Amino acid sequence: MSPPKENVSLLFKLYCLTVMTLVAATYTVALRYTRTVETELYFSTTAVCITEVIKLFLSVGILAKETGSLARLIASLKENVFGSPTELLKLSVPSLVYALQNNMAFVALSNLDAAVYQVTYQLKIPCTALCTVLMLNRTLSKLQWFSVFMLCGGVTLVQWKPAQATKVQVEQNPWLGFGAIAVAVLCSGFAGVYFEKVLKSSDTSLWVRNIQMYLSGIVVTLFGVYMSDGALVLEKGFFYGYTFYVWFVIFLASVGGLYTSVVVKYTDNIMKGFSAAAAILLSTVASVILFGLQITVTFSLGAVLVCISIYLYGLPRQDTTKIQPLDTKSSKERLDTV
């Protein structure tokens, strides 16, 4: 049984923070490298498909450990996956949206520097907040709304005069990159909240839900491969252009997402905010070294505003939902009972 959050040591929380930061920063930098430096460009649609396959096998493995025996694993899969077409159909919605989001990440990082992408992608926070308000009927505090507008202002500054990478020689379209990020953050916000709503609607295991989603995801991404690169894949092969770095990106996308979803429960929003800010800093340093990124004043100011807004958004808010309206005790009586 997992230890409660209060009993988790600070050292373990720092470990979680470090892993989340390194995964986020390394993924964007490595993906950017594979799309701009390597000569034989691989098909990004096939990489997204392979990622879904690996996630499926990892989820089955974790579910096997959770159930404790092969017989229980098979029974669980029969009941919740193969015997529940309605649930599979329900999870096909986030599968489709996540597939679009992951493909947009490749388009974005083919046209924007990793640091610019890392900052701009934080727009997923206001998108997720809006979806949470609309789909889960939650409310945001005034400070959270303020931080959302601050974040949007910071991203606007970053995109006002995008920082240029002098070592990247491939043709790029910054507007296409920004458009791809816009689609990706909308997908991230909707799919994340939709999946949360599905998870909380029943007691079904997280890993069963993941398996349902990844099965649908494989079908969706295979269709994407056929529609986008079908003829070229048949001509050159499914794994054309794959190198060690491409497999490394796929590994980070597969393991990183699953790992982060598990360890996030041991951290709080403030730590996640620091993680995002640290990932921005690491991506910027790596982009300067690897791609010759030229830092501008507007980029620096925008990045700082985004980091501050993430921190403010994650600050704990006072929970007023448990105040009893029928509590007629006076302040003096409550003080006397303390």
# chains A, B, ... in the order shown; residues from 1 in each chain; ligands from 1
>>> residues_around(residues="Thr26 in chain A", least_positions_apart="3", cutoff="9 Å", atoms="only C-alpha atoms", output="PyMOL selection string")
chain A and resi 21-23+29-31+249+252+279+282-283+286
>>> closest_residue(among="A:Ser300, A:Asn173, A:Thr51, A:Thr39", to="Asn103 in chain A", atoms="only C-alpha atoms")
A:Thr51
>>> select_by_dssp(residues="range 36-270 of chain A", states="alpha helix (DSSP H)", output="ChimeraX atom specification")
/A:36,44-67,70-77,85-111,114-120,124-136,142-160,174-200,206-236,244-263,269-270
>>> closest_residue(among="A:Gly292, A:Tyr117, A:Ile250, A:Ile308", to="Gly179 in chain A", atoms="only C-alpha atoms")
A:Tyr117
>>> residues_around(residues="Ile54 in chain A", least_positions_apart="2", cutoff="12 Å", atoms="only C-alpha atoms", output="VMD selection string")
chain A and resid 47 to 52 56 to 61 210 to 211 214 to 215 217 to 218 247 250 to 258
>>> residues_around(residues="range 229-244 of chain A", least_positions_apart="5", cutoff="10 Å", atoms="only C-alpha atoms", output="list in words")
Thr34, Glu38, Thr39, Glu40, Leu41, Tyr42, Phe43, Ser44, Thr45, Thr46, Ala47, Ile50, Leu222, Phe223, Gly224, Val249 and Ile250 of chain A
>>> atom_distance(atom1="CA of Gly302 in chain A", atom2="CA of Ile280 in chain A")
11.4 Å
>>> atom_distance(atom1="CA of Ala64 in chain A", atom2="CA of Leu77 in chain A")
10.0 Å
>>> residues_around(residues="Phe149 in chain A", least_positions_apart="6", cutoff="12 Å", atoms="only C-alpha atoms", output="list in words")
Leu123, Ile125, Pro126, Cys127, Ala129, Lys142, Leu143, Val155, Thr156, Leu305, Val306, Ile308, Ser309, Ile310, Leu312 and Tyr313 of chain A
>>> write_last_selection(atoms="N, CA, C and O atoms", output="PDB file, in the first residue's frame")
ATOM      1  N   LEU A 123       0.811  27.081 -21.654  1.00  0.00           N
ATOM      2  CA  LEU A 123      -0.572  27.498 -21.877  1.00  0.00           C
ATOM      3  C   LEU A 123      -1.556  26.372 -21.573  1.00  0.00           C
ATOM      4  O   LEU A 123      -2.761  26.596 -21.487  1.00  0.00           O
ATOM      5  N   ILE A 125      -1.902  25.106 -18.833  1.00  0.00           N
ATOM      6  CA  ILE A 125      -2.454  25.378 -17.498  1.00  0.00           C
ATOM      7  C   ILE A 125      -3.780  26.123 -17.590  1.00  0.00           C
ATOM      8  O   ILE A 125      -4.790  25.670 -17.023  1.00  0.00           O
ATOM      9  N   PRO A 126      -3.858  27.280 -18.306  1.00  0.00           N
ATOM     10  CA  PRO A 126      -5.171  27.930 -18.424  1.00  0.00           C
ATOM     11  C   PRO A 126      -6.189  27.087 -19.187  1.00  0.00           C
ATOM     12  O   PRO A 126      -7.380  27.129 -18.874  1.00  0.00           O
ATOM     13  N   CYS A 127      -5.733  26.300 -20.179  1.00  0.00           N
ATOM     14  CA  CYS A 127      -6.661  25.444 -20.922  1.00  0.00           C
ATOM     15  C   CYS A 127      -7.256  24.374 -20.006  1.00  0.00           C
ATOM     16  O   CYS A 127      -8.470  24.123 -20.036  1.00  0.00           O
ATOM     17  N   ALA A 129      -7.425  24.605 -16.747  1.00  0.00           N
ATOM     18  CA  ALA A 129      -8.258  25.313 -15.760  1.00  0.00           C
ATOM     19  C   ALA A 129      -9.651  25.582 -16.319  1.00  0.00           C
ATOM     20  O   ALA A 129     -10.664  25.370 -15.633  1.00  0.00           O
ATOM     21  N   LYS A 142      -9.267  33.976  -7.119  1.00  0.00           N
ATOM     22  CA  LYS A 142      -8.868  35.191  -7.828  1.00  0.00           C
ATOM     23  C   LYS A 142      -7.382  35.159  -8.172  1.00  0.00           C
ATOM     24  O   LYS A 142      -6.972  35.624  -9.245  1.00  0.00           O
ATOM     25  N   LEU A 143      -6.562  34.603  -7.264  1.00  0.00           N
ATOM     26  CA  LEU A 143      -5.127  34.509  -7.516  1.00  0.00           C
ATOM     27  C   LEU A 143      -4.841  33.584  -8.697  1.00  0.00           C
ATOM     28  O   LEU A 143      -3.961  33.863  -9.518  1.00  0.00           O
ATOM     29  N   VAL A 155       3.675  34.325 -22.221  1.00  0.00           N
ATOM     30  CA  VAL A 155       3.791  33.598 -23.490  1.00  0.00           C
ATOM     31  C   VAL A 155       3.735  34.563 -24.675  1.00  0.00           C
ATOM     32  O   VAL A 155       4.457  34.396 -25.667  1.00  0.00           O
ATOM     33  N   THR A 156       2.898  35.597 -24.558  1.00  0.00           N
ATOM     34  CA  THR A 156       2.822  36.608 -25.622  1.00  0.00           C
ATOM     35  C   THR A 156       4.172  37.291 -25.813  1.00  0.00           C
ATOM     36  O   THR A 156       4.614  37.521 -26.950  1.00  0.00           O
ATOM     37  N   LEU A 305       7.902  35.670 -16.237  1.00  0.00           N
ATOM     38  CA  LEU A 305       6.476  35.836 -15.924  1.00  0.00           C
ATOM     39  C   LEU A 305       5.765  34.485 -15.900  1.00  0.00           C
ATOM     40  O   LEU A 305       4.922  34.230 -15.032  1.00  0.00           O
ATOM     41  N   VAL A 306       6.100  33.617 -16.848  1.00  0.00           N
ATOM     42  CA  VAL A 306       5.482  32.295 -16.904  1.00  0.00           C
ATOM     43  C   VAL A 306       5.840  31.485 -15.656  1.00  0.00           C
ATOM     44  O   VAL A 306       4.971  30.854 -15.033  1.00  0.00           O
ATOM     45  N   ILE A 308       6.721  32.612 -12.663  1.00  0.00           N
ATOM     46  CA  ILE A 308       6.038  33.194 -11.500  1.00  0.00           C
ATOM     47  C   ILE A 308       4.562  32.799 -11.492  1.00  0.00           C
ATOM     48  O   ILE A 308       3.995  32.439 -10.453  1.00  0.00           O
ATOM     49  N   SER A 309       3.935  32.846 -12.670  1.00  0.00           N
ATOM     50  CA  SER A 309       2.506  32.525 -12.753  1.00  0.00           C
ATOM     51  C   SER A 309       2.241  31.060 -12.405  1.00  0.00           C
ATOM     52  O   SER A 309       1.236  30.738 -11.771  1.00  0.00           O
ATOM     53  N   ILE A 310       3.147  30.157 -12.820  1.00  0.00           N
ATOM     54  CA  ILE A 310       2.994  28.740 -12.479  1.00  0.00           C
ATOM     55  C   ILE A 310       3.058  28.552 -10.966  1.00  0.00           C
ATOM     56  O   ILE A 310       2.269  27.815 -10.371  1.00  0.00           O
ATOM     57  N   LEU A 312       2.353  30.858  -8.641  1.00  0.00           N
ATOM     58  CA  LEU A 312       1.160  31.454  -8.031  1.00  0.00           C
ATOM     59  C   LEU A 312      -0.061  30.558  -8.220  1.00  0.00           C
ATOM     60  O   LEU A 312      -0.884  30.410  -7.315  1.00  0.00           O
ATOM     61  N   TYR A 313      -0.173  29.952  -9.400  1.00  0.00           N
ATOM     62  CA  TYR A 313      -1.327  29.100  -9.685  1.00  0.00           C
ATOM     63  C   TYR A 313      -1.358  27.884  -8.759  1.00  0.00           C
ATOM     64  O   TYR A 313      -2.420  27.401  -8.369  1.00  0.00           O
TER      65      TYR A 313
END
>>> closest_residue(among="A:Leu290, A:Arg209, A:Gln172, A:Ala105", to="Leu88 in chain A", atoms="only C-alpha atoms")
A:Arg209
